[in-house]
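*Asks:* Got a structure here, written out as C-alpha cells. Questions coming.
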Amino acid sequence: MKRVLILGGTGDASALAAKALTLPGVEVRVSLAGRTPQPLAIPGIVRIGGFGGVAGLTTYLRDEAIDVLIDATHPFAAQISLNAAAATDELGIPRLMLVRPAWESVPGDQWIEVDNMAAAADALEGQAKRVFLTIGRQQLASFARLHEIWFLMRLINQPEPEAVIPKGLLLFAQGPFDLTAERQLLIQHEIDTIVTKNSGGSATNAKIIAARELGIKVVMVRRPPIPPGDQVRDVEEALVWLRGMGSGA
C-alpha cells in the first residue's frame with residue numbers, strides 16, 4: 001500500500017481524497033487544521049489539528065511512513081505549504097501542490113488589488129460606506145478601526161468570543177453561492193464595495209460576477225507566494241500525477 005497524505009480543508013481536497021481511494025494500492029489520509037468546528041464529511045483516514053511546525057510534520061511523515069504528500073490547502077494557507085515543502089524536502093518525499101487558478105479581472109471589473117488585509121482596510125478608508133466582507137473570521141479585526149463603515153460579514157462559523165469585529169451584520173452561510181442570490185444580497189444591503197481574497201474556484205465566484213454587473217468595487221487581496229515544486233490546477237490532474245507515482249494504472 002502507498003500511503004498518501006492530503007493536506008486538506010478545501011472542496012478540492014475532499015474530492016481528491018474520494019477519487020484517490022478508488023485507485024488500487026492507495027491508503028488516503030487527510031489532515032485538517034481544525035479551524036472549522038464541524039467540517040463536512042471527508043473520505044479516508046482523517047486527522048484534525050496542527051503538526052507543530054516543520055519538525056512536527058517531519059516526524060509525522062516519518063513515523064507514519066507517508067509515501068506521497070499532496071498539498072490541497074486553501075491558497076491563503078501559506079504557512080502549512082511552506083512547512084510541507086521543508087518537511088518533504090528533508091525526507092525526500094514526493095510533494096504536489098493542487099493550486100486552483102486565481103481569478104483574473106475582465107472588462108467591467110472595478111478591482112483594487114492589495115497584498116494583505118491591512119492594505120485592504122486602508123483602501124476602504126474614506127472610499128466606502130457599506131462593505132461586504134468575505135474573508136473568513138480570522139482577520140476581521142483588521143477592519144474594526146473603520147467606524148464610519150458598515151460591514152456585512154459572511155462567515156461559515158461564529159467568531160471566537162474574544163474576537164474584535166467591525167460594526168455591522170454577521171451572516172452565516174457556506175458556498176457554493178449562485179449568481180441570483182449574490183446579486184440580491186448586494187442590492188438588499190446596498191453594498192458599494194466587496195473585500196475578498198483571490199481564492200479562485202467557482203464556489204464563491206458569483207459575488208465577483210454580481211459586483212461587475214452592479215458596478216460595485218472589489219478590493220481583491222492577492223495570494224501569498226507559494227514554495228516551488230510540482231503543481232496542478234485541478235483534481236483530475238492531481239490523479240494523473242498520483243498515478244505517475246506508481247499508485248495506480
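Chains: A, B, ... in order of the C-alpha cells. Residues: from 1 per chain. Ligands: from 1, in order shown.
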Could you pull out the strand (DSSP E or B) residues of region 101-185 of chain A, going by DSSP on the backbone, and write them as number ranges by chain?

*Replies:* A: 111-114, 130-134, 150-155, 168-172

*Asks:* Output N, CA and C atoms for every residue in the selection just made, as a short mmCIF file (atom, residue, chain, number, x, y, z; two decimals), in the first residue's frame.

*Replies:*
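Now in again-v2.cif:
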data_model
loop_
_atom_site.label_atom_id
_atom_site.label_comp_id
_atom_site.auth_asym_id
_atom_site.auth_seq_id
_atom_site.Cartn_x
_atom_site.Cartn_y
_atom_site.Cartn_z
N TRP A 111 -11.59 46.46 -9.82
CA TRP A 111 -10.78 45.86 -8.78
C TRP A 111 -9.74 46.83 -8.25
N ILE A 112 -9.51 46.75 -6.95
CA ILE A 112 -8.37 47.38 -6.31
C ILE A 112 -7.57 46.24 -5.69
N GLU A 113 -6.43 45.90 -6.25
CA GLU A 113 -5.66 44.76 -5.77
C GLU A 113 -4.66 45.20 -4.71
N VAL A 114 -4.64 44.45 -3.61
CA VAL A 114 -3.77 44.76 -2.48
C VAL A 114 -3.08 43.47 -2.03
N ARG A 130 -20.67 50.99 2.77
CA ARG A 130 -21.30 49.71 3.10
C ARG A 130 -20.52 48.61 2.38
N VAL A 131 -19.88 47.76 3.16
CA VAL A 131 -18.89 46.82 2.63
C VAL A 131 -19.30 45.38 2.93
N PHE A 132 -19.14 44.54 1.93
CA PHE A 132 -19.36 43.10 2.07
C PHE A 132 -18.01 42.44 2.29
N LEU A 133 -17.78 41.93 3.49
CA LEU A 133 -16.52 41.25 3.83
C LEU A 133 -16.69 39.75 3.65
N THR A 134 -15.92 39.15 2.77
CA THR A 134 -15.95 37.70 2.57
C THR A 134 -14.51 37.19 2.69
N TRP A 150 -20.16 50.48 7.55
CA TRP A 150 -21.00 49.35 7.99
C TRP A 150 -20.58 48.12 7.18
N PHE A 151 -20.43 46.98 7.88
CA PHE A 151 -19.94 45.76 7.24
C PHE A 151 -20.98 44.64 7.29
N LEU A 152 -21.18 43.98 6.16
CA LEU A 152 -21.86 42.70 6.08
C LEU A 152 -20.77 41.64 6.04
N MET A 153 -20.71 40.79 7.06
CA MET A 153 -19.61 39.82 7.19
C MET A 153 -20.14 38.40 7.04
N ARG A 154 -19.80 37.75 5.92
CA ARG A 154 -20.28 36.38 5.70
C ARG A 154 -19.24 35.38 6.20
N LEU A 155 -19.68 34.51 7.11
CA LEU A 155 -18.79 33.55 7.74
C LEU A 155 -19.42 32.16 7.70
N GLY A 168 -21.57 46.01 12.22
CA GLY A 168 -22.33 45.55 11.07
C GLY A 168 -23.12 44.30 11.38
N LEU A 169 -23.30 43.45 10.38
CA LEU A 169 -24.14 42.27 10.48
C LEU A 169 -23.35 41.02 10.13
N LEU A 170 -23.47 39.99 10.97
CA LEU A 170 -22.85 38.69 10.68
C LEU A 170 -23.86 37.83 9.93
N LEU A 171 -23.41 37.22 8.84
CA LEU A 171 -24.25 36.35 8.02
C LEU A 171 -23.54 35.01 7.92
N PHE A 172 -24.22 33.93 8.32
CA PHE A 172 -23.59 32.61 8.34
C PHE A 172 -24.11 31.79 7.16
#

*Asks:* Taking the DSSP assignment computed from this structure's backbone, write out as a list of chain:residue names all residues of region 126-218 of chain A that belong to alpha helix (DSSP H).

*Replies:*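 Here is the list: A:Leu179, A:Thr180, A:Ala181, A:Glu182, A:Arg183, A:Gln184, A:Leu185, A:Leu186, A:Ile187, A:Gln188, A:Ala206, A:Lys207, A:Ile208, A:Ile209, A:Ala210, A:Ala211, A:Arg212, A:Glu213, A:Leu214.
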
*Asks:* From the list A:Val195, A:Ile42, A:Ala20, A:Ile93, which residue is nearest Asp122 (chain A) when using only C-alpha atoms?

*Replies:*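 Comparing A:Val195, A:Ile42, A:Ala20, A:Ile93 against Asp122 (chain A), the winner is A:Val195.
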
*Asks:* Within 12 Å of Gly52 (chain A), counting only C-alpha atoms, which residues show up once you throw out same-chain ones fewer than 3 positions away? Write them as a list of chain:residue names, please.

*Replies:*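 Contacts, in chain order: A:Ala33, A:Gly49, A:Ala55, A:Gly56, A:Leu57, A:Thr58, A:Thr59, A:Tyr60, A:Gln79, A:Ile80, A:Asn83, A:Ala84, A:Ala87.
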
*Asks:* Which of these, A:Ala203, A:Leu82, A:Leu140, A:Ala72, has the shortest distance to Thr10 (chain A) once you count only C-alpha atoms?

*Replies:*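 Ranking A:Ala203, A:Leu82, A:Leu140, A:Ala72 by distance to Thr10 (chain A), first place goes to A:Ala72.
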
*Asks:* Can you tell me which residues surround Met245 (chain A) at a distance of at most 10 Å, considering only C-alpha atoms, apart from same-chain residues fewer than 6 positions away, and format the answer as a count of residues only?

*Replies:* 5

*Asks:* Measuring atom to atom with only C-alpha atoms, identify which of A:Val30, A:Met97, A:Met117, A:Leu124 is nearest to Pro228 (chain A).

*Replies:*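 Closest candidate: A:Met97.
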
*Asks:* Report as CSV: every residue of region 5-29 of chain A with an atom at most 12 Å from region 240-243 of chain A, its closest pair of atoms, and their distance in Å to one decimal, counting only C-alpha atoms, with rows sorted by chain and ascending residue number.

*Replies:*
residue,atom,partner,partner_atom,distance
A:Leu5,CA,A:Leu242,CA,11.5
A:Ile6,CA,A:Leu242,CA,11.4
A:Leu16,CA,A:Leu242,CA,10.4
A:Ala17,CA,A:Leu242,CA,11.5
A:Lys19,CA,A:Leu242,CA,10.9
A:Ala20,CA,A:Leu242,CA,8.2
A:Leu21,CA,A:Leu242,CA,11.4
A:Thr22,CA,A:Arg243,CA,11.5
A:Leu23,CA,A:Arg243,CA,8.2
A:Pro24,CA,A:Arg243,CA,9.7
A:Gly25,CA,A:Arg243,CA,10.6
A:Val26,CA,A:Leu242,CA,9.8
A:Val28,CA,A:Leu242,CA,11.6

*Asks:* For the contact check between region 32-137 of chain A and region 210-215 of chain A, emit one row per residue of region 32-137 of chain A within 10 Å, containing the shortest atom pair and the distance in Å rounded to one decimal, counting only C-alpha atoms, chain then rising number order, as CSV.

*Replies:*
residue,atom,partner,partner_atom,distance
A:Ser105,CA,A:Arg212,CA,9.7
A:Val106,CA,A:Arg212,CA,9.0
A:Pro107,CA,A:Arg212,CA,8.7
A:Gly108,CA,A:Arg212,CA,5.7
A:Asp109,CA,A:Arg212,CA,5.1
A:Gln110,CA,A:Arg212,CA,7.2
A:Trp111,CA,A:Arg212,CA,9.5

*Asks:* With C-alpha atoms kept, could you save the residues just selected as a JSON list (two decimals), in the first residue's frame?

*Replies:*
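Output saved as part.json:
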[["chain", "number", "residue", "atom", "x", "y", "z"],
["A", 105, "SER", "CA", -10.17, 40.71, -13.82],
["A", 106, "VAL", "CA", -12.10, 41.21, -17.05],
["A", 107, "PRO", "CA", -13.55, 44.32, -18.68],
["A", 108, "GLY", "CA", -16.20, 45.79, -16.39],
["A", 109, "ASP", "CA", -14.48, 44.79, -13.16],
["A", 110, "GLN", "CA", -13.51, 47.57, -10.74],
["A", 111, "TRP", "CA", -10.78, 45.86, -8.78]]

*Asks:* Quick one: everything within 10 Å of Gly126 (chain A), counting only C-alpha atoms, minus sequence neighbours fewer than 6 positions away in the same chain. Send it as a ChimeraX atom specification.

*Replies:* /A:146,148-149

*Asks:* Residues as selected, C-alpha atoms, written as a PDB file, in the first residue's frame, can you do that?

*Replies:*
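Result file part-v1.pdb:
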ATOM      1  CA  LEU A 146     -13.152  51.741  10.388  1.00  0.00           C
ATOM      2  CA  GLU A 148     -17.583  55.076   9.610  1.00  0.00           C
ATOM      3  CA  ILE A 149     -18.219  51.935   7.552  1.00  0.00           C
TER       4      ILE A 149
END
